[in-house]
$ cat query.cif   # mmCIF, C-alpha atoms, pLDDT in the B column; chains and numbers go by the auth columns
data_input
#
loop_
_atom_site.group_PDB
_atom_site.id
_atom_site.type_symbol
_atom_site.label_atom_id
_atom_site.label_comp_id
_atom_site.label_asym_id
_atom_site.label_seq_id
_atom_site.Cartn_x
_atom_site.Cartn_y
_atom_site.Cartn_z
_atom_site.B_iso_or_equiv
_atom_site.auth_seq_id
_atom_site.auth_asym_id
ATOM 1 C CA MET A 1 -0.827 43.843 -11.574 42.00 1 A
ATOM 2 C CA ALA A 2 1.816 43.540 -8.865 49.00 2 A
ATOM 3 C CA ARG A 3 5.190 42.025 -9.627 56.00 3 A
ATOM 4 C CA ILE A 4 5.309 38.208 -9.440 60.00 4 A
ATOM 5 C CA GLU A 5 8.560 36.735 -8.159 66.00 5 A
ATOM 6 C CA PHE A 6 10.056 33.256 -8.777 66.00 6 A
ATOM 7 C CA THR A 7 9.482 33.802 -12.493 57.00 7 A
ATOM 8 C CA ASP A 8 12.431 31.623 -13.542 72.00 8 A
ATOM 9 C CA ASN A 9 12.127 28.689 -11.166 84.00 9 A
ATOM 10 C CA TYR A 10 8.592 27.368 -11.281 88.00 10 A
ATOM 11 C CA GLN A 11 6.647 24.829 -13.302 90.00 11 A
ATOM 12 C CA ASP A 12 3.094 25.544 -14.387 88.00 12 A
ATOM 13 C CA LEU A 13 0.974 22.439 -13.710 88.00 13 A
ATOM 14 C CA SER A 14 -2.319 24.139 -14.522 88.00 14 A
ATOM 15 C CA THR A 15 -4.964 22.314 -16.555 83.00 15 A
ATOM 16 C CA GLU A 16 -8.428 23.096 -17.832 79.00 16 A
ATOM 17 C CA ASN A 17 -9.756 22.183 -14.389 83.00 17 A
ATOM 18 C CA GLY A 18 -7.658 24.586 -12.351 87.00 18 A
ATOM 19 C CA TYR A 19 -4.311 26.086 -11.430 90.00 19 A
ATOM 20 C CA GLN A 20 -1.327 24.631 -9.614 92.00 20 A
ATOM 21 C CA PHE A 21 2.357 25.519 -9.635 92.00 21 A
ATOM 22 C CA LYS A 22 5.562 23.868 -8.471 93.00 22 A
ATOM 23 C CA PHE A 23 8.428 26.060 -7.285 93.00 23 A
ATOM 24 C CA PHE A 24 12.029 24.836 -7.265 93.00 24 A
ATOM 25 C CA CYS A 25 15.033 25.749 -5.143 93.00 25 A
ATOM 26 C CA GLU A 26 17.713 27.103 -7.462 92.00 26 A
ATOM 27 C CA CYS A 27 20.410 25.472 -5.329 93.00 27 A
ATOM 28 C CA CYS A 28 19.306 21.908 -4.509 93.00 28 A
ATOM 29 C CA GLY A 29 16.359 21.610 -6.897 92.00 29 A
ATOM 30 C CA ASN A 30 13.830 20.536 -4.251 91.00 30 A
ATOM 31 C CA GLY A 31 10.263 21.336 -5.263 90.00 31 A
ATOM 32 C CA TYR A 32 7.345 22.846 -3.342 93.00 32 A
ATOM 33 C CA MET A 33 3.863 22.565 -4.854 94.00 33 A
ATOM 34 C CA SER A 34 1.105 25.095 -4.305 94.00 34 A
ATOM 35 C CA SER A 35 -2.459 24.160 -3.459 95.00 35 A
ATOM 36 C CA PHE A 36 -4.801 23.376 -6.347 94.00 36 A
ATOM 37 C CA LYS A 37 -7.151 26.221 -7.265 91.00 37 A
ATOM 38 C CA ALA A 38 -10.167 25.257 -9.350 89.00 38 A
ATOM 39 C CA SER A 39 -10.875 27.197 -12.542 81.00 39 A
ATOM 40 C CA THR A 40 -14.420 28.470 -13.054 75.00 40 A
ATOM 41 C CA LEU A 41 -13.874 28.600 -16.817 65.00 41 A
ATOM 42 C CA GLY A 42 -12.524 25.062 -16.813 58.00 42 A
ATOM 43 C CA VAL A 43 -15.513 23.744 -14.890 50.00 43 A
ATOM 44 C CA ALA A 44 -17.910 25.524 -17.257 48.00 44 A
ATOM 45 C CA GLY A 45 -16.042 24.186 -20.270 49.00 45 A
ATOM 46 C CA GLY A 46 -16.160 20.690 -18.816 49.00 46 A
ATOM 47 C CA LEU A 47 -19.920 20.899 -18.344 44.00 47 A
ATOM 48 C CA LEU A 48 -20.369 22.098 -21.900 43.00 48 A
ATOM 49 C CA ARG A 49 -18.242 19.260 -23.271 50.00 49 A
ATOM 50 C CA GLY A 50 -20.221 16.773 -21.199 46.00 50 A
ATOM 51 C CA ALA A 51 -23.484 18.122 -22.608 43.00 51 A
ATOM 52 C CA GLY A 52 -22.016 18.028 -26.088 44.00 52 A
ATOM 53 C CA GLN A 53 -21.191 14.348 -25.749 47.00 53 A
ATOM 54 C CA LEU A 54 -24.811 13.648 -24.838 44.00 54 A
ATOM 55 C CA PHE A 55 -26.569 15.901 -27.347 44.00 55 A
ATOM 56 C CA GLY A 56 -23.833 16.629 -29.919 46.00 56 A
ATOM 57 C CA GLY A 57 -23.633 19.683 -32.131 44.00 57 A
ATOM 58 C CA VAL A 58 -23.224 23.232 -30.889 40.00 58 A
ATOM 59 C CA LEU A 59 -22.826 22.476 -27.182 40.00 59 A
ATOM 60 C CA GLY A 60 -19.837 20.249 -27.788 43.00 60 A
ATOM 61 C CA ARG A 61 -18.164 22.839 -29.985 45.00 61 A
ATOM 62 C CA ALA A 62 -18.846 25.577 -27.423 43.00 62 A
ATOM 63 C CA GLY A 63 -17.090 23.624 -24.703 44.00 63 A
ATOM 64 C CA SER A 64 -14.086 23.009 -26.929 48.00 64 A
ATOM 65 C CA SER A 65 -13.888 26.709 -27.820 50.00 65 A
ATOM 66 C CA ALA A 66 -13.891 27.749 -24.150 49.00 66 A
ATOM 67 C CA TYR A 67 -11.069 25.338 -23.457 52.00 67 A
ATOM 68 C CA GLU A 68 -8.978 26.573 -26.384 52.00 68 A
ATOM 69 C CA VAL A 69 -9.446 30.203 -25.316 43.00 69 A
ATOM 70 C CA GLN A 70 -8.231 29.394 -21.830 50.00 70 A
ATOM 71 C CA ARG A 71 -5.238 27.456 -23.176 54.00 71 A
ATOM 72 C CA ALA A 72 -4.241 30.191 -25.589 42.00 72 A
ATOM 73 C CA ILE A 73 -4.688 33.278 -23.376 40.00 73 A
ATOM 74 C CA GLY A 74 -4.564 32.174 -19.733 65.00 74 A
ATOM 75 C CA GLY A 75 -5.894 35.557 -18.676 79.00 75 A
ATOM 76 C CA PRO A 76 -6.303 37.355 -15.359 84.00 76 A
ATOM 77 C CA ALA A 77 -7.536 34.233 -13.595 85.00 77 A
ATOM 78 C CA HIS A 78 -4.255 32.464 -14.345 87.00 78 A
ATOM 79 C CA ASP A 79 -2.172 35.461 -13.211 87.00 79 A
ATOM 80 C CA SER A 80 -4.196 35.749 -10.027 89.00 80 A
ATOM 81 C CA ALA A 81 -3.723 32.061 -9.297 90.00 81 A
ATOM 82 C CA LEU A 82 0.033 32.380 -9.838 89.00 82 A
ATOM 83 C CA LYS A 83 0.189 35.367 -7.498 89.00 83 A
ATOM 84 C CA ASP A 84 -1.696 33.441 -4.815 92.00 84 A
ATOM 85 C CA ALA A 85 0.637 30.468 -5.280 92.00 85 A
ATOM 86 C CA VAL A 86 3.701 32.715 -4.890 91.00 86 A
ATOM 87 C CA GLU A 87 2.334 34.103 -1.613 91.00 87 A
ATOM 88 C CA GLU A 88 1.615 30.578 -0.380 93.00 88 A
ATOM 89 C CA ILE A 89 5.074 29.213 -1.188 92.00 89 A
ATOM 90 C CA ARG A 90 7.121 32.357 -0.405 91.00 90 A
ATOM 91 C CA PRO A 91 7.847 31.358 3.249 92.00 91 A
ATOM 92 C CA CYS A 92 9.698 28.284 1.955 92.00 92 A
ATOM 93 C CA PHE A 93 12.168 30.407 -0.025 93.00 93 A
ATOM 94 C CA ILE A 94 14.598 33.229 0.536 93.00 94 A
ATOM 95 C CA GLN A 95 16.661 35.185 -1.967 93.00 95 A
ATOM 96 C CA CYS A 96 20.421 35.349 -1.508 94.00 96 A
ATOM 97 C CA LYS A 97 21.540 38.970 -1.722 94.00 97 A
ATOM 98 C CA ARG A 98 24.958 37.946 -3.033 96.00 98 A
ATOM 99 C CA CYS A 99 24.092 35.686 -5.985 94.00 99 A
ATOM 100 C CA GLY A 100 20.387 36.498 -6.392 92.00 100 A
ATOM 101 C CA GLN A 101 19.239 32.877 -6.311 92.00 101 A
ATOM 102 C CA TRP A 102 15.976 31.860 -4.655 93.00 102 A
ATOM 103 C CA VAL A 103 16.859 28.971 -2.335 94.00 103 A
ATOM 104 C CA CYS A 104 14.907 26.833 0.099 93.00 104 A
ATOM 105 C CA HIS A 105 15.090 27.993 3.695 93.00 105 A
ATOM 106 C CA GLU A 106 15.307 24.498 5.143 92.00 106 A
ATOM 107 C CA ILE A 107 18.282 23.042 3.249 94.00 107 A
ATOM 108 C CA CYS A 108 20.172 25.697 1.335 96.00 108 A
ATOM 109 C CA TRP A 109 20.170 28.771 3.558 97.00 109 A
ATOM 110 C CA ASN A 110 23.013 29.588 5.972 97.00 110 A
ATOM 111 C CA ASN A 111 21.316 31.454 8.809 95.00 111 A
ATOM 112 C CA ASP A 112 24.627 32.307 10.479 95.00 112 A
ATOM 113 C CA ARG A 113 25.915 34.107 7.369 95.00 113 A
ATOM 114 C CA SER A 114 22.582 35.288 5.891 96.00 114 A
ATOM 115 C CA LEU A 115 23.652 33.861 2.539 97.00 115 A
ATOM 116 C CA CYS A 116 22.860 30.711 0.579 96.00 116 A
ATOM 117 C CA LYS A 117 25.074 27.687 1.154 96.00 117 A
ATOM 118 C CA SER A 118 26.642 28.123 -2.311 96.00 118 A
ATOM 119 C CA CYS A 119 27.967 31.557 -1.314 97.00 119 A
ATOM 120 C CA ALA A 120 28.632 30.642 2.325 97.00 120 A
ATOM 121 C CA PRO A 121 28.995 26.873 2.847 96.00 121 A
ATOM 122 C CA ILE A 122 27.657 25.617 6.176 96.00 122 A
ATOM 123 C CA LEU A 123 30.747 24.778 8.224 95.00 123 A
ATOM 124 C CA GLN A 124 29.442 21.766 10.134 95.00 124 A
ATOM 125 C CA ARG A 125 28.156 20.094 6.953 95.00 125 A
ATOM 126 C CA GLU A 126 31.440 20.710 5.143 96.00 126 A
ATOM 127 C CA LEU A 127 33.419 19.460 8.144 96.00 127 A
ATOM 128 C CA ALA A 128 31.323 16.282 8.367 97.00 128 A
ATOM 129 C CA ALA A 129 31.784 15.635 4.640 96.00 129 A
ATOM 130 C CA ALA A 130 35.544 16.233 4.890 97.00 130 A
ATOM 131 C CA GLN A 131 35.836 13.872 7.870 97.00 131 A
ATOM 132 C CA ALA A 132 33.994 11.150 5.986 97.00 132 A
ATOM 133 C CA GLN A 133 36.174 11.565 2.893 97.00 133 A
ATOM 134 C CA ILE A 134 39.406 11.524 4.909 97.00 134 A
ATOM 135 C CA THR A 135 38.232 8.391 6.738 97.00 135 A
ATOM 136 C CA VAL A 136 37.711 6.664 3.399 97.00 136 A
ATOM 137 C CA ASP A 137 41.106 7.861 2.118 97.00 137 A
ATOM 138 C CA GLN A 138 42.900 6.596 5.231 97.00 138 A
ATOM 139 C CA ALA A 139 41.096 3.246 5.095 96.00 139 A
ATOM 140 C CA GLN A 140 42.149 2.811 1.463 96.00 140 A
ATOM 141 C CA GLN A 141 45.741 3.685 2.348 96.00 141 A
ATOM 142 C CA LYS A 142 45.803 1.136 5.175 95.00 142 A
ATOM 143 C CA LEU A 143 44.319 -1.456 2.856 95.00 143 A
ATOM 144 C CA ARG A 144 47.065 -0.806 0.299 93.00 144 A
ATOM 145 C CA GLU A 145 49.707 -1.270 3.009 93.00 145 A
ATOM 146 C CA ALA A 146 48.152 -4.475 4.392 93.00 146 A
ATOM 147 C CA ASP A 147 49.462 -7.869 3.230 91.00 147 A
ATOM 148 C CA LEU A 148 46.476 -9.621 1.695 86.00 148 A
ATOM 149 C CA THR A 149 48.585 -12.327 0.031 83.00 149 A
ATOM 150 C CA ALA A 150 49.754 -14.191 3.151 83.00 150 A
ATOM 151 C CA GLY A 151 49.825 -17.935 2.424 80.00 151 A
ATOM 152 C CA ILE A 152 49.527 -17.419 -1.332 76.00 152 A
ATOM 153 C CA ASP A 153 52.433 -18.288 -3.641 74.00 153 A
ATOM 154 C CA VAL A 154 52.158 -15.333 -5.970 72.00 154 A
ATOM 155 C CA THR A 155 55.019 -16.626 -8.156 76.00 155 A
ATOM 156 C CA ALA A 156 53.308 -19.922 -8.986 69.00 156 A
ATOM 157 C CA GLU A 157 51.366 -20.232 -12.188 65.00 157 A
ATOM 158 C CA ALA A 158 47.695 -19.698 -11.569 64.00 158 A
ATOM 159 C CA THR A 159 46.462 -21.245 -14.803 66.00 159 A
ATOM 160 C CA VAL A 160 48.047 -22.817 -17.854 74.00 160 A
ATOM 161 C CA SER A 161 46.813 -23.600 -21.353 77.00 161 A
ATOM 162 C CA CYS A 162 46.922 -27.169 -22.610 79.00 162 A
ATOM 163 C CA PRO A 163 49.297 -27.414 -25.605 72.00 163 A
ATOM 164 C CA SER A 164 47.079 -30.128 -27.053 75.00 164 A
ATOM 165 C CA CYS A 165 43.487 -28.886 -26.785 84.00 165 A
ATOM 166 C CA GLY A 166 44.048 -25.256 -25.707 78.00 166 A
ATOM 167 C CA ALA A 167 41.819 -25.517 -22.619 83.00 167 A
ATOM 168 C CA GLU A 168 42.639 -23.383 -19.590 81.00 168 A
ATOM 169 C CA THR A 169 43.372 -25.635 -16.632 80.00 169 A
ATOM 170 C CA ALA A 170 45.026 -25.652 -13.238 77.00 170 A
ATOM 171 C CA PRO A 171 48.800 -26.309 -13.128 74.00 171 A
ATOM 172 C CA GLY A 172 49.761 -29.963 -13.013 74.00 172 A
ATOM 173 C CA LYS A 173 51.212 -32.736 -15.145 76.00 173 A
ATOM 174 C CA PHE A 174 48.174 -33.459 -17.299 82.00 174 A
ATOM 175 C CA CYS A 175 45.285 -31.491 -18.796 83.00 175 A
ATOM 176 C CA SER A 176 42.007 -31.885 -16.903 83.00 176 A
ATOM 177 C CA GLU A 177 40.094 -31.695 -20.200 85.00 177 A
ATOM 178 C CA CYS A 178 41.901 -34.037 -22.587 86.00 178 A
ATOM 179 C CA GLY A 179 44.549 -35.755 -20.420 81.00 179 A
ATOM 180 C CA ALA A 180 47.487 -34.593 -22.522 79.00 180 A
ATOM 181 C CA ALA A 181 50.782 -33.745 -20.804 75.00 181 A
ATOM 182 C CA LEU A 182 50.898 -30.065 -19.903 71.00 182 A
ATOM 183 C CA ARG A 183 54.708 -29.930 -19.977 67.00 183 A
ATOM 184 C CA PRO A 184 56.064 -31.974 -22.886 60.00 184 A
ATOM 185 C CA ARG A 185 59.322 -33.729 -22.167 57.00 185 A
ATOM 186 C CA SER A 186 62.462 -31.803 -23.035 69.00 186 A
ATOM 187 C CA GLU A 187 64.608 -34.929 -23.131 74.00 187 A
ATOM 188 C CA CYS A 188 64.111 -38.541 -24.039 80.00 188 A
ATOM 189 C CA PRO A 189 63.481 -40.749 -20.980 76.00 189 A
ATOM 190 C CA LYS A 190 65.285 -43.645 -22.731 79.00 190 A
ATOM 191 C CA CYS A 191 68.435 -42.199 -24.255 84.00 191 A
ATOM 192 C CA GLY A 192 68.503 -38.726 -22.671 79.00 192 A
ATOM 193 C CA ALA A 193 68.646 -36.902 -25.971 81.00 193 A
ATOM 194 C CA LYS A 194 67.252 -33.362 -26.073 79.00 194 A
ATOM 195 C CA THR A 195 63.862 -33.170 -27.732 77.00 195 A
ATOM 196 C CA ALA A 196 61.856 -30.268 -29.147 75.00 196 A
ATOM 197 C CA PRO A 197 58.699 -29.212 -27.284 70.00 197 A
ATOM 198 C CA GLY A 198 55.703 -31.068 -28.702 69.00 198 A
ATOM 199 C CA ALA A 199 57.778 -33.870 -30.274 77.00 199 A
ATOM 200 C CA LYS A 200 55.969 -37.191 -30.181 79.00 200 A
ATOM 201 C CA PHE A 201 59.069 -39.378 -30.682 83.00 201 A
ATOM 202 C CA CYS A 202 62.725 -39.046 -29.777 83.00 202 A
ATOM 203 C CA PRO A 203 64.765 -38.032 -32.841 83.00 203 A
ATOM 204 C CA GLU A 204 67.694 -40.184 -31.648 86.00 204 A
ATOM 205 C CA CYS A 205 66.188 -43.492 -30.568 87.00 205 A
ATOM 206 C CA GLY A 206 62.565 -43.301 -31.628 84.00 206 A
ATOM 207 C CA GLN A 207 61.192 -43.572 -28.088 83.00 207 A
ATOM 208 C CA ARG A 208 57.557 -42.479 -27.879 83.00 208 A
ATOM 209 C CA LEU A 209 57.421 -39.266 -25.875 75.00 209 A
ATOM 210 C CA VAL A 210 53.672 -38.607 -25.695 68.00 210 A
ATOM 211 C CA PRO A 211 51.882 -40.901 -23.187 61.00 211 A
#
$ encode --input "query.cif" --output "structure tokens"
Amino acid sequence: MARIEFTDNYQDLSTENGYQFKFFCECCGNGYMSSFKASTLGVAGGLLRGAGQLFGGVLGRAGSSAYEVQRAIGGPAHDSALKDAVEEIRPCFIQCKRCGQWVCHEICWNNDRSLCKSCAPILQRELAAAQAQITVDQAQQKLREADLTAGIDVTAEATVSCPSCGAETAPGKFCSECGAALRPRSECPKCGAKTAPGAKFCPECGQRLVP
């Protein structure tokens, strides 16, 4: 039979009831499905299986055998259906003479260069994409240069941990969870002696340091 093209970029969707094929663009992957073509053998096999379910025995086995033969061999009917599908879908595709790929005419073909867009990118599309990317880059650069911290004291502590219970709390004098002092005294309020962080009593005069 005549040569069948698209042999490496189609999916066979045929079943026992008929033939159908889906052809894919080798550039973008878009698919184009051919019309469904009923199978005479499949219809006959279906009728035999239906009769077999009613009456059992030989008729049921005959239908199953017809189906298995079709599945295993395919045959001229399958090849003819594929050829018809190729002729139906062919107008949607064109082969690039540079890379050999079959690409869809609508999206992936550069009419000005008579090549696919992979071999000859379409200038206006590339320019639009470049403009969009540069716009994003410039916006990000302006954002990096903008002062987004106005009115915020970036040197102040944002959160502190309570030395008593370990809870994370906002800066202040006392813990919002347990009420303990967040900054233990470093000197005795009574005698002025230096005290170690966390000390409960002054080592010099015995003054209680923890409220």
$ resolve_selection --input "query.cif" --expression "the PyMOL selection byres ((chain A and resi 78-90) around 7)" --output "list in words"
Ile4, Tyr19, Phe21, Ser34, Gly74, Gly75, Pro76, Ala77, Pro91, Cys92 and Phe93 of chain A
$ closest_residue --input "query.cif" --among "A:Ala181, A:Leu148, A:Leu209, A:Cys27" --to "Ala196 in chain A" --atoms "only C-alpha atoms"
A:Leu209
$ residues_around --input "query.cif" --residues "Cys25 in chain A" --least-positions-apart "5" --cutoff "6 Å" --atoms "all atoms listed in the file" --output "list of chain:residue names"
A:Asn30, A:Val103, A:Cys104
$ closest_residue --input "query.cif" --among "A:Leu127, A:Ile122, A:Ser164, A:Glu26" --to "Cys99 in chain A" --atoms "only C-alpha atoms"
A:Glu26
$ atom_distance --input "query.cif" --atom1 "CA of Cys28 in chain A" --atom2 "CA of Asp137 in chain A"
26.8 Å
$ atom_distance --input "query.cif" --atom1 "CA of Asp12 in chain A" --atom2 "CA of Ser118 in chain A"
26.6 Å
$ resolve_selection --input "query.cif" --expression "the PyMOL selection byres ((chain A and resi 163) around 10)" --output "short mmCIF file (atom, residue, chain, number, x, y, z; two decimals) with C-alpha atoms, in the frame of the given file"
data_model
loop_
_atom_site.label_atom_id
_atom_site.label_comp_id
_atom_site.auth_asym_id
_atom_site.auth_seq_id
_atom_site.Cartn_x
_atom_site.Cartn_y
_atom_site.Cartn_z
CA VAL A 160 48.05 -22.82 -17.85
CA SER A 161 46.81 -23.60 -21.35
CA CYS A 162 46.92 -27.17 -22.61
CA SER A 164 47.08 -30.13 -27.05
CA CYS A 165 43.49 -28.89 -26.78
CA GLY A 166 44.05 -25.26 -25.71
CA ALA A 167 41.82 -25.52 -22.62
CA GLU A 168 42.64 -23.38 -19.59
CA CYS A 175 45.28 -31.49 -18.80
CA ALA A 180 47.49 -34.59 -22.52
CA ALA A 181 50.78 -33.74 -20.80
CA LEU A 182 50.90 -30.06 -19.90
CA ARG A 183 54.71 -29.93 -19.98
CA PRO A 184 56.06 -31.97 -22.89
CA PRO A 197 58.70 -29.21 -27.28
CA GLY A 198 55.70 -31.07 -28.70
#
$ closest_residue --input "query.cif" --among "A:Leu115, A:Cys191, A:Ile134, A:Ile107" --to "Gln95 in chain A" --atoms "all atoms listed in the file"
A:Leu115
$ atom_distance --input "query.cif" --atom1 "CA of Lys97 in chain A" --atom2 "CA of Pro121 in chain A"
14.9 Å
$ closest_residue --input "query.cif" --among "A:Trp102, A:Ala193, A:Gln140, A:Cys96" --to "Cys116 in chain A" --atoms "all atoms listed in the file"
A:Cys96
$ residues_around --input "query.cif" --residues "Pro189 in chain A" --least-positions-apart "6" --cutoff "12 Å" --atoms "only C-alpha atoms" --output "number ranges by chain"
A: 195, 201-202, 204-211
